[in-house]
Amino acid sequence: MLNRIDKSIPLYFSAAVSVLIFFIFVSLAVGVEKTPDPVNESSAQIQIPPAPPTNVVAQDIPNDKGGAITISWDKSADDGGGAKNVTKYEILKSTQKDAGYKVIGNTTAGATFFSDNTAPNGVPYFYKIRALSPAGSSESLPSAPAFAKRQWFDLSRLSLFILSLIIGFAIFYFIEKAKSDKGLFIRKIAGLEAVDDAVGRATEMGRKIIFVPGIMDMDSMQTIAGITILGRVAKLAAEYEAKLEVPVCTSLVMVTAREVVKEAYLNAGRPDSYNDNMVYYVTNDQFAYAAALDGLFLRERPAAVFLQGQFYAESLLLAETANSVGAIQIAGTAMPTQLPFFVAACDYTLIGEELFAASAYLSKDPKLLGSLKGQDVGKFIFLLVILIGVVLLTLNSVLGLNLPDLKVLFQGI
Amino acid sequence: MSGDIIGIWIGAILTLGIFSFLYKDNPFYKFSEALFVGISAGYWFVVTFWQYFVPKFWDNLSLSFHELVANGRIDYHWIYLVGGFFGVLMLLRLVPKIGWLSRWSLAFIVGTTAGLQFTRYLESNGIRQVVGTIKPLVVGGNLGTSIGNIIIVVGTFTGLIYFFFSKEHKGAFGGAARVGVWFLMINFGAMFGYTVMSRMSLLIGRMDYLFSDWLKLIK
């Protein structure tokens, strides 16, 4: 028996070792089935990727110059919390539906759209959205193909176009009317009524008129309006033989002002009284210009100072200094922050649009008068829209109705 | 004495020179003013040259020229020649006989400015104001918002009436225009205080320079 056992030991031993080696091998290769424990079970769950985003839609961005496609999608069901919480989305693009996708950008979690600004016009693209979380990632189904295209018209600004047409038509209509009807009414603007008085005062006192056309260049409408008023002031100065001085702060304004003043002297029949030095360049720098003008005001003690154009922080420095030397001041600007200073320190102030109306008022030119009347038509349209819009919204609010909101007329602007 | 300290001293002395205007016009102010104007005019010439002429004109045309020589292609940068052409016309003012040609450049600038600004002004000064004013006068359960909306609507409406130029301001129309003027003046009052505060910050900046950078009295 012992002998049999002794003989069988190597056999059992080798069988046991073989089984052990087999189990070790199998364990290493595929893992050993163990009794589940809570910790390992939860770590197994984290490895499940988040739900993919759905409903991916790609389309050309409307009313643009092309080259861009917008992509929208519904968020992953796991976007917003939980172990599989989405941390970001990646946007993938390809020219083929089932292959060749490359990441072109990413967004934060919670986002539902992305603009691809690298899409050449006319090339169809497919898009996928990949949701990423610490547990992994998942991709949506591809979108339908979309391609960027250029639009000739920005239809979102259609209301602006229609309004421009109406105002433009009204301006042309009233210009024609003003040519035949010489008595087109323009209400009195006090500041402009005083222009003649200011120039007359300077003539009587034998002192200078200083005209400051703001500190901006010729690409500002206020500068252009100021230069137009300069034309009228220069003509009066020429007629009264008053001394006019126009210090400016940009070269283009200097050239334009010289042309305007020269023409005014010509129209007044006194071309010989004009010389280029009446209009001169000082400097482009805002406060150096203000310092130079302040010194000029104190030394020359002008009888009249015109501040007409676009002004910034130097407005009160100029107005106060001119006021301190006793000059009559007529200011005009459309800068809301500077108007209070001019109102406080000047004798007359053209407020906002009065500056733009000044040229028509002073010249009585039918073209300008008609233009002013046409602009009033535009203001009337605005008043009407405000009135109707406010009434409709108030009725909605008080009576709980569902009347249209007129703001939609201007959507996209 | 380092360059920085010399710069601070020059800046402080010139600042005091400009401030001396508060007393009266004097040689110290005249010197500071002349220096300020002269240096700034020279500075702006250089700025204009390097920020406009070189990048807008010279660099773009160099690109075009290179493209033409290297690839035989005429690219769109040649359009900058149009600007250069108008610039040359401006310089013709130096030649009295043909100086009138500069008016073409001026006409181009004024015309394009007016055209470009038309839609911008219509949009920002017109349509956006209208959209911002269309509000319900009564908002249920919210007295503050209702009062605010009424002020905005009445203020804008009457203010706009004030800027009608082709109708005389009399009767109800004139009354509305007067209300508009009241709104404008109240707005100017508020704006005056607000802007004065921003001017104070400029003064504080200068004082800080004098007392901190120069005199070191403020740490």
# chains A, B, ... in the order shown; residues from 1 in each chain; ligands from 1
>>> interface_residues(of="chain B", to="chain A", cutoff="6 Å", atoms="only C-alpha atoms", output="NGL selection string")
:B and (36-37 or 40-41 or 113 or 131 or 134-138 or 164-166 or 168 or 188 or 192)
>>> write_last_selection(atoms="N, CA, C and O atoms", output="PDB file, in the first residue's frame")
ATOM      1  N   PHE B  36       5.274 120.684 -25.887  1.00  0.00           N
ATOM      2  CA  PHE B  36       4.232 119.657 -25.978  1.00  0.00           C
ATOM      3  C   PHE B  36       3.703 119.567 -27.416  1.00  0.00           C
ATOM      4  O   PHE B  36       3.631 118.481 -28.013  1.00  0.00           O
ATOM      5  N   VAL B  37       3.374 120.716 -27.986  1.00  0.00           N
ATOM      6  CA  VAL B  37       2.811 120.743 -29.341  1.00  0.00           C
ATOM      7  C   VAL B  37       3.844 120.248 -30.356  1.00  0.00           C
ATOM      8  O   VAL B  37       3.551 119.398 -31.209  1.00  0.00           O
ATOM      9  N   SER B  40       4.612 116.450 -29.876  1.00  0.00           N
ATOM     10  CA  SER B  40       3.473 115.594 -30.236  1.00  0.00           C
ATOM     11  C   SER B  40       3.237 115.610 -31.748  1.00  0.00           C
ATOM     12  O   SER B  40       2.893 114.586 -32.336  1.00  0.00           O
ATOM     13  N   ALA B  41       3.448 116.760 -32.388  1.00  0.00           N
ATOM     14  CA  ALA B  41       3.258 116.819 -33.845  1.00  0.00           C
ATOM     15  C   ALA B  41       4.265 115.896 -34.538  1.00  0.00           C
ATOM     16  O   ALA B  41       3.908 115.150 -35.456  1.00  0.00           O
ATOM     17  N   THR B 113     -17.505 108.690 -46.455  1.00  0.00           N
ATOM     18  CA  THR B 113     -17.831 108.794 -45.026  1.00  0.00           C
ATOM     19  C   THR B 113     -19.339 108.929 -44.835  1.00  0.00           C
ATOM     20  O   THR B 113     -19.944 108.211 -44.027  1.00  0.00           O
ATOM     21  N   VAL B 131     -36.018 100.003 -30.674  1.00  0.00           N
ATOM     22  CA  VAL B 131     -36.163  98.668 -30.059  1.00  0.00           C
ATOM     23  C   VAL B 131     -36.068  98.767 -28.538  1.00  0.00           C
ATOM     24  O   VAL B 131     -36.830  98.128 -27.808  1.00  0.00           O
ATOM     25  N   ILE B 134     -39.487 100.254 -27.019  1.00  0.00           N
ATOM     26  CA  ILE B 134     -40.767  99.526 -27.076  1.00  0.00           C
ATOM     27  C   ILE B 134     -40.887  98.661 -25.823  1.00  0.00           C
ATOM     28  O   ILE B 134     -40.370  97.542 -25.759  1.00  0.00           O
ATOM     29  N   LYS B 135     -41.565  99.196 -24.826  1.00  0.00           N
ATOM     30  CA  LYS B 135     -41.718  98.514 -23.533  1.00  0.00           C
ATOM     31  C   LYS B 135     -43.153  98.692 -23.061  1.00  0.00           C
ATOM     32  O   LYS B 135     -43.775  99.718 -23.353  1.00  0.00           O
ATOM     33  N   PRO B 136     -43.688  97.744 -22.309  1.00  0.00           N
ATOM     34  CA  PRO B 136     -45.044  97.924 -21.752  1.00  0.00           C
ATOM     35  C   PRO B 136     -45.020  98.991 -20.666  1.00  0.00           C
ATOM     36  O   PRO B 136     -44.096  99.021 -19.844  1.00  0.00           O
ATOM     37  N   LEU B 137     -46.009  99.865 -20.680  1.00  0.00           N
ATOM     38  CA  LEU B 137     -46.044 100.930 -19.669  1.00  0.00           C
ATOM     39  C   LEU B 137     -46.452 100.388 -18.299  1.00  0.00           C
ATOM     40  O   LEU B 137     -46.132 100.984 -17.274  1.00  0.00           O
ATOM     41  N   VAL B 138     -47.190  99.305 -18.310  1.00  0.00           N
ATOM     42  CA  VAL B 138     -47.628  98.710 -17.037  1.00  0.00           C
ATOM     43  C   VAL B 138     -47.134  97.271 -16.978  1.00  0.00           C
ATOM     44  O   VAL B 138     -47.424  96.476 -17.870  1.00  0.00           O
ATOM     45  N   PHE B 164     -37.592 117.473 -34.169  1.00  0.00           N
ATOM     46  CA  PHE B 164     -38.265 117.726 -35.446  1.00  0.00           C
ATOM     47  C   PHE B 164     -37.959 119.157 -35.861  1.00  0.00           C
ATOM     48  O   PHE B 164     -38.182 120.093 -35.088  1.00  0.00           O
ATOM     49  N   PHE B 165     -37.447 119.317 -37.085  1.00  0.00           N
ATOM     50  CA  PHE B 165     -37.055 120.659 -37.509  1.00  0.00           C
ATOM     51  C   PHE B 165     -38.040 121.293 -38.482  1.00  0.00           C
ATOM     52  O   PHE B 165     -38.036 122.504 -38.667  1.00  0.00           O
ATOM     53  N   SER B 166     -38.855 120.470 -39.118  1.00  0.00           N
ATOM     54  CA  SER B 166     -39.721 121.024 -40.162  1.00  0.00           C
ATOM     55  C   SER B 166     -41.120 121.341 -39.640  1.00  0.00           C
ATOM     56  O   SER B 166     -42.018 121.607 -40.423  1.00  0.00           O
ATOM     57  N   GLU B 168     -43.197 123.631 -36.572  1.00  0.00           N
ATOM     58  CA  GLU B 168     -43.017 124.620 -35.511  1.00  0.00           C
ATOM     59  C   GLU B 168     -43.389 124.035 -34.150  1.00  0.00           C
ATOM     60  O   GLU B 168     -44.369 123.289 -34.042  1.00  0.00           O
ATOM     61  N   PHE B 188     -28.394 115.722 -19.042  1.00  0.00           N
ATOM     62  CA  PHE B 188     -27.116 116.438 -19.074  1.00  0.00           C
ATOM     63  C   PHE B 188     -26.575 116.643 -17.658  1.00  0.00           C
ATOM     64  O   PHE B 188     -25.366 116.567 -17.429  1.00  0.00           O
ATOM     65  N   PHE B 192     -23.137 115.329 -16.509  1.00  0.00           N
ATOM     66  CA  PHE B 192     -22.126 116.291 -16.069  1.00  0.00           C
ATOM     67  C   PHE B 192     -21.376 115.734 -14.849  1.00  0.00           C
ATOM     68  O   PHE B 192     -20.147 115.689 -14.821  1.00  0.00           O
TER      69      PHE B 192
END
>>> residues_around(residues="Lys56 (chain B)", least_positions_apart="6", cutoff="10 Å", atoms="only C-alpha atoms", output="PDB file with all heavy atoms, in the first residue's frame")
ATOM      1  N   PHE B  49       3.157 107.519 -40.181  1.00  0.00           N
ATOM      2  CA  PHE B  49       3.992 106.853 -41.179  1.00  0.00           C
ATOM      3  C   PHE B  49       4.028 105.344 -40.948  1.00  0.00           C
ATOM      4  O   PHE B  49       3.793 104.557 -41.862  1.00  0.00           O
ATOM      5  CB  PHE B  49       5.409 107.444 -41.142  1.00  0.00           C
ATOM      6  CG  PHE B  49       6.324 106.852 -42.176  1.00  0.00           C
ATOM      7  CD1 PHE B  49       6.275 107.283 -43.496  1.00  0.00           C
ATOM      8  CD2 PHE B  49       7.216 105.856 -41.824  1.00  0.00           C
ATOM      9  CE1 PHE B  49       7.108 106.720 -44.451  1.00  0.00           C
ATOM     10  CE2 PHE B  49       8.051 105.285 -42.780  1.00  0.00           C
ATOM     11  CZ  PHE B  49       7.996 105.720 -44.090  1.00  0.00           C
ATOM     12  N   TRP B  50       4.286 104.954 -39.686  1.00  0.00           N
ATOM     13  CA  TRP B  50       4.473 103.530 -39.406  1.00  0.00           C
ATOM     14  C   TRP B  50       3.165 102.766 -39.241  1.00  0.00           C
ATOM     15  O   TRP B  50       3.126 101.560 -39.425  1.00  0.00           O
ATOM     16  CB  TRP B  50       5.345 103.339 -38.150  1.00  0.00           C
ATOM     17  CG  TRP B  50       6.772 103.685 -38.442  1.00  0.00           C
ATOM     18  CD1 TRP B  50       7.451 104.789 -38.028  1.00  0.00           C
ATOM     19  CD2 TRP B  50       7.695 102.934 -39.253  1.00  0.00           C
ATOM     20  NE1 TRP B  50       8.726 104.788 -38.529  1.00  0.00           N
ATOM     21  CE2 TRP B  50       8.906 103.652 -39.277  1.00  0.00           C
ATOM     22  CE3 TRP B  50       7.611 101.745 -39.958  1.00  0.00           C
ATOM     23  CZ2 TRP B  50      10.018 103.208 -39.975  1.00  0.00           C
ATOM     24  CZ3 TRP B  50       8.728 101.298 -40.656  1.00  0.00           C
ATOM     25  CH2 TRP B  50       9.914 102.024 -40.668  1.00  0.00           C
ATOM     26  N   HIS B  77      -4.308  92.938 -53.681  1.00  0.00           N
ATOM     27  CA  HIS B  77      -3.633  94.007 -52.931  1.00  0.00           C
ATOM     28  C   HIS B  77      -3.323  95.231 -53.792  1.00  0.00           C
ATOM     29  O   HIS B  77      -3.061  96.305 -53.270  1.00  0.00           O
ATOM     30  CB  HIS B  77      -2.338  93.491 -52.307  1.00  0.00           C
ATOM     31  CG  HIS B  77      -2.573  92.608 -51.125  1.00  0.00           C
ATOM     32  ND1 HIS B  77      -2.473  91.241 -51.198  1.00  0.00           N
ATOM     33  CD2 HIS B  77      -2.917  92.899 -49.861  1.00  0.00           C
ATOM     34  CE1 HIS B  77      -2.749  90.720 -50.028  1.00  0.00           C
ATOM     35  NE2 HIS B  77      -3.031  91.699 -49.191  1.00  0.00           N
ATOM     36  N   TYR B  80      -4.776  98.825 -53.307  1.00  0.00           N
ATOM     37  CA  TYR B  80      -4.237  99.905 -52.472  1.00  0.00           C
ATOM     38  C   TYR B  80      -3.604 101.021 -53.311  1.00  0.00           C
ATOM     39  O   TYR B  80      -3.335 102.099 -52.802  1.00  0.00           O
ATOM     40  CB  TYR B  80      -3.216  99.342 -51.465  1.00  0.00           C
ATOM     41  CG  TYR B  80      -3.889  98.559 -50.364  1.00  0.00           C
ATOM     42  CD1 TYR B  80      -4.075  97.189 -50.474  1.00  0.00           C
ATOM     43  CD2 TYR B  80      -4.376  99.200 -49.231  1.00  0.00           C
ATOM     44  CE1 TYR B  80      -4.714  96.467 -49.485  1.00  0.00           C
ATOM     45  CE2 TYR B  80      -5.020  98.489 -48.239  1.00  0.00           C
ATOM     46  CZ  TYR B  80      -5.192  97.131 -48.372  1.00  0.00           C
ATOM     47  OH  TYR B  80      -5.838  96.418 -47.398  1.00  0.00           O
ATOM     48  N   GLY B  83      -5.801 104.100 -53.167  1.00  0.00           N
ATOM     49  CA  GLY B  83      -5.520 104.985 -52.022  1.00  0.00           C
ATOM     50  C   GLY B  83      -4.278 105.813 -52.266  1.00  0.00           C
ATOM     51  O   GLY B  83      -4.251 107.021 -51.980  1.00  0.00           O
ATOM     52  N   GLY B  84      -3.248 105.159 -52.810  1.00  0.00           N
ATOM     53  CA  GLY B  84      -2.004 105.873 -53.111  1.00  0.00           C
ATOM     54  C   GLY B  84      -2.235 106.985 -54.123  1.00  0.00           C
ATOM     55  O   GLY B  84      -1.694 108.085 -53.987  1.00  0.00           O
TER      56      GLY B  84
END
>>> atom_distance(atom1="CA of Phe306 (chain A)", atom2="CA of Thr119 (chain B)")
29.0 Å
>>> residues_around(residues="region 234-242 of chain A", least_positions_apart="4", cutoff="6 Å", atoms="only C-alpha atoms", output="list in words")
Thr203, Leu230, Val261, Ala264, Tyr265 and Ala268 of chain A
>>> residues_around(residues="region 89-103 of chain B", least_positions_apart="3", cutoff="12 Å", atoms="only C-alpha atoms", output="NGL selection string")
(:A and (251-252 or 254-260 or 262 or 276)) or (:B and (82-86 or 106-111))
>>> residues_around(residues="Phe183 (chain B)", least_positions_apart="2", cutoff="12 Å", atoms="only C-alpha atoms", output="MDAnalysis selection string")
chainID B and resid 151:162 176:181 185:190
>>> atom_distance(atom1="CA of Lys102 (chain A)", atom2="CA of Tyr89 (chain A)")
13.4 Å
>>> select_by_dssp(residues="region 268-341 of chain A", states="helix (DSSP H, G or I)", output="MDAnalysis selection string")
chainID A and resid 271:273 276:278 286:300 315:324 339:341
>>> write_last_selection(atoms="N, CA and C atoms", output="tab-separated table (two decimals), in the first residue's frame")
chain	number	residue	atom	x	y	z
A	271	PRO	N	-12.00	137.38	-52.50
A	271	PRO	CA	-10.95	136.34	-52.56
A	271	PRO	C	-9.59	136.85	-52.10
A	272	ASP	N	-9.36	138.15	-52.26
A	272	ASP	CA	-8.05	138.69	-51.87
A	272	ASP	C	-7.84	138.68	-50.36
A	273	SER	N	-8.93	138.66	-49.62
A	273	SER	CA	-8.81	138.67	-48.15
A	273	SER	C	-8.40	137.31	-47.60
A	276	ASP	N	-3.95	131.21	-46.88
A	276	ASP	CA	-3.90	129.84	-46.34
A	276	ASP	C	-3.59	129.78	-44.85
A	277	ASN	N	-2.91	130.81	-44.35
A	277	ASN	CA	-2.51	130.77	-42.94
A	277	ASN	C	-3.68	130.96	-41.97
A	278	MET	N	-4.84	131.29	-42.52
A	278	MET	CA	-6.01	131.39	-41.63
A	278	MET	C	-6.37	130.02	-41.06
A	286	GLN	N	-4.44	115.16	-28.59
A	286	GLN	CA	-5.64	115.79	-28.01
A	286	GLN	C	-5.29	116.90	-27.01
A	287	PHE	N	-4.46	116.57	-26.03
A	287	PHE	CA	-4.23	117.56	-24.96
A	287	PHE	C	-3.18	118.60	-25.35
A	288	ALA	N	-2.28	118.24	-26.26
A	288	ALA	CA	-1.37	119.27	-26.77
A	288	ALA	C	-2.16	120.30	-27.56
A	289	TYR	N	-3.14	119.80	-28.32
A	289	TYR	CA	-4.03	120.68	-29.08
A	289	TYR	C	-4.82	121.59	-28.13
A	290	ALA	N	-5.32	120.99	-27.05
A	290	ALA	CA	-6.09	121.78	-26.07
A	290	ALA	C	-5.19	122.83	-25.42
A	291	ALA	N	-3.94	122.45	-25.09
A	291	ALA	CA	-3.01	123.39	-24.46
A	291	ALA	C	-2.72	124.56	-25.40
A	292	ALA	N	-2.52	124.23	-26.68
A	292	ALA	CA	-2.23	125.28	-27.66
A	292	ALA	C	-3.42	126.23	-27.80
A	293	LEU	N	-4.64	125.67	-27.86
A	293	LEU	CA	-5.82	126.52	-28.02
A	293	LEU	C	-6.06	127.38	-26.79
A	294	ASP	N	-5.84	126.81	-25.61
A	294	ASP	CA	-6.01	127.60	-24.38
A	294	ASP	C	-5.07	128.80	-24.38
A	295	GLY	N	-3.82	128.54	-24.76
A	295	GLY	CA	-2.86	129.64	-24.86
A	295	GLY	C	-3.30	130.67	-25.88
A	296	LEU	N	-3.79	130.18	-27.01
A	296	LEU	CA	-4.26	131.07	-28.09
A	296	LEU	C	-5.42	131.94	-27.61
A	297	PHE	N	-6.36	131.34	-26.90
A	297	PHE	CA	-7.51	132.09	-26.39
A	297	PHE	C	-7.06	133.22	-25.47
A	298	LEU	N	-6.11	132.90	-24.59
A	298	LEU	CA	-5.67	133.91	-23.62
A	298	LEU	C	-4.89	135.04	-24.29
A	299	ARG	N	-4.09	134.67	-25.29
A	299	ARG	CA	-3.23	135.68	-25.92
A	299	ARG	C	-4.00	136.53	-26.92
A	300	GLU	N	-4.86	135.89	-27.70
A	300	GLU	CA	-5.58	136.63	-28.75
A	300	GLU	C	-6.86	137.27	-28.23
A	315	SER	N	-13.19	119.37	-24.09
A	315	SER	CA	-14.31	120.29	-24.33
A	315	SER	C	-14.42	121.37	-23.25
A	316	LEU	N	-14.37	120.95	-22.00
A	316	LEU	CA	-14.55	121.94	-20.93
A	316	LEU	C	-13.33	122.84	-20.79
A	317	LEU	N	-12.13	122.28	-21.05
A	317	LEU	CA	-10.92	123.11	-21.00
A	317	LEU	C	-11.04	124.27	-21.99
A	318	LEU	N	-11.50	123.95	-23.19
A	318	LEU	CA	-11.61	124.98	-24.22
A	318	LEU	C	-12.73	125.96	-23.88
A	319	ALA	N	-13.90	125.41	-23.52
A	319	ALA	CA	-15.06	126.28	-23.27
A	319	ALA	C	-14.83	127.20	-22.07
A	320	GLU	N	-14.21	126.67	-21.04
A	320	GLU	CA	-13.96	127.47	-19.84
A	320	GLU	C	-12.97	128.61	-20.12
A	321	THR	N	-11.90	128.27	-20.85
A	321	THR	CA	-10.89	129.29	-21.13
A	321	THR	C	-11.47	130.39	-22.02
A	322	ALA	N	-12.21	129.98	-23.05
A	322	ALA	CA	-12.82	130.99	-23.93
A	322	ALA	C	-13.81	131.84	-23.15
A	323	ASN	N	-14.51	131.22	-22.24
A	323	ASN	CA	-15.47	131.95	-21.40
A	323	ASN	C	-14.74	132.97	-20.52
A	324	SER	N	-13.55	132.56	-20.02
A	324	SER	CA	-12.81	133.44	-19.11
A	324	SER	C	-12.30	134.71	-19.80
A	339	LEU	N	-21.76	117.34	-24.17
A	339	LEU	CA	-22.81	118.36	-24.28
A	339	LEU	C	-23.06	119.10	-22.96
A	340	PRO	N	-23.08	118.40	-21.81
A	340	PRO	CA	-23.33	119.13	-20.56
A	340	PRO	C	-22.32	120.25	-20.31
A	341	PHE	N	-21.06	120.02	-20.68
A	341	PHE	CA	-20.04	121.05	-20.47
A	341	PHE	C	-20.28	122.25	-21.36
>>> closest_residue(among="A:Lys367, A:Gly80, A:Pro302, A:Ala178", to="Gly326 (chain A)", atoms="only C-alpha atoms")
A:Pro302
>>> select_by_dssp(residues="region 58-225 of chain A", states="strand (DSSP E or B)", output="PyMOL selection string")
chain A and resi 58-60+69-74+88-94+102-108+113-116+121+125-133+136-139+146+148+208-212
>>> closest_residue(among="A:Ile229, A:Phe342, A:Lys93, A:Ala51", to="Asp79 (chain A)", atoms="only C-alpha atoms")
A:Ala51
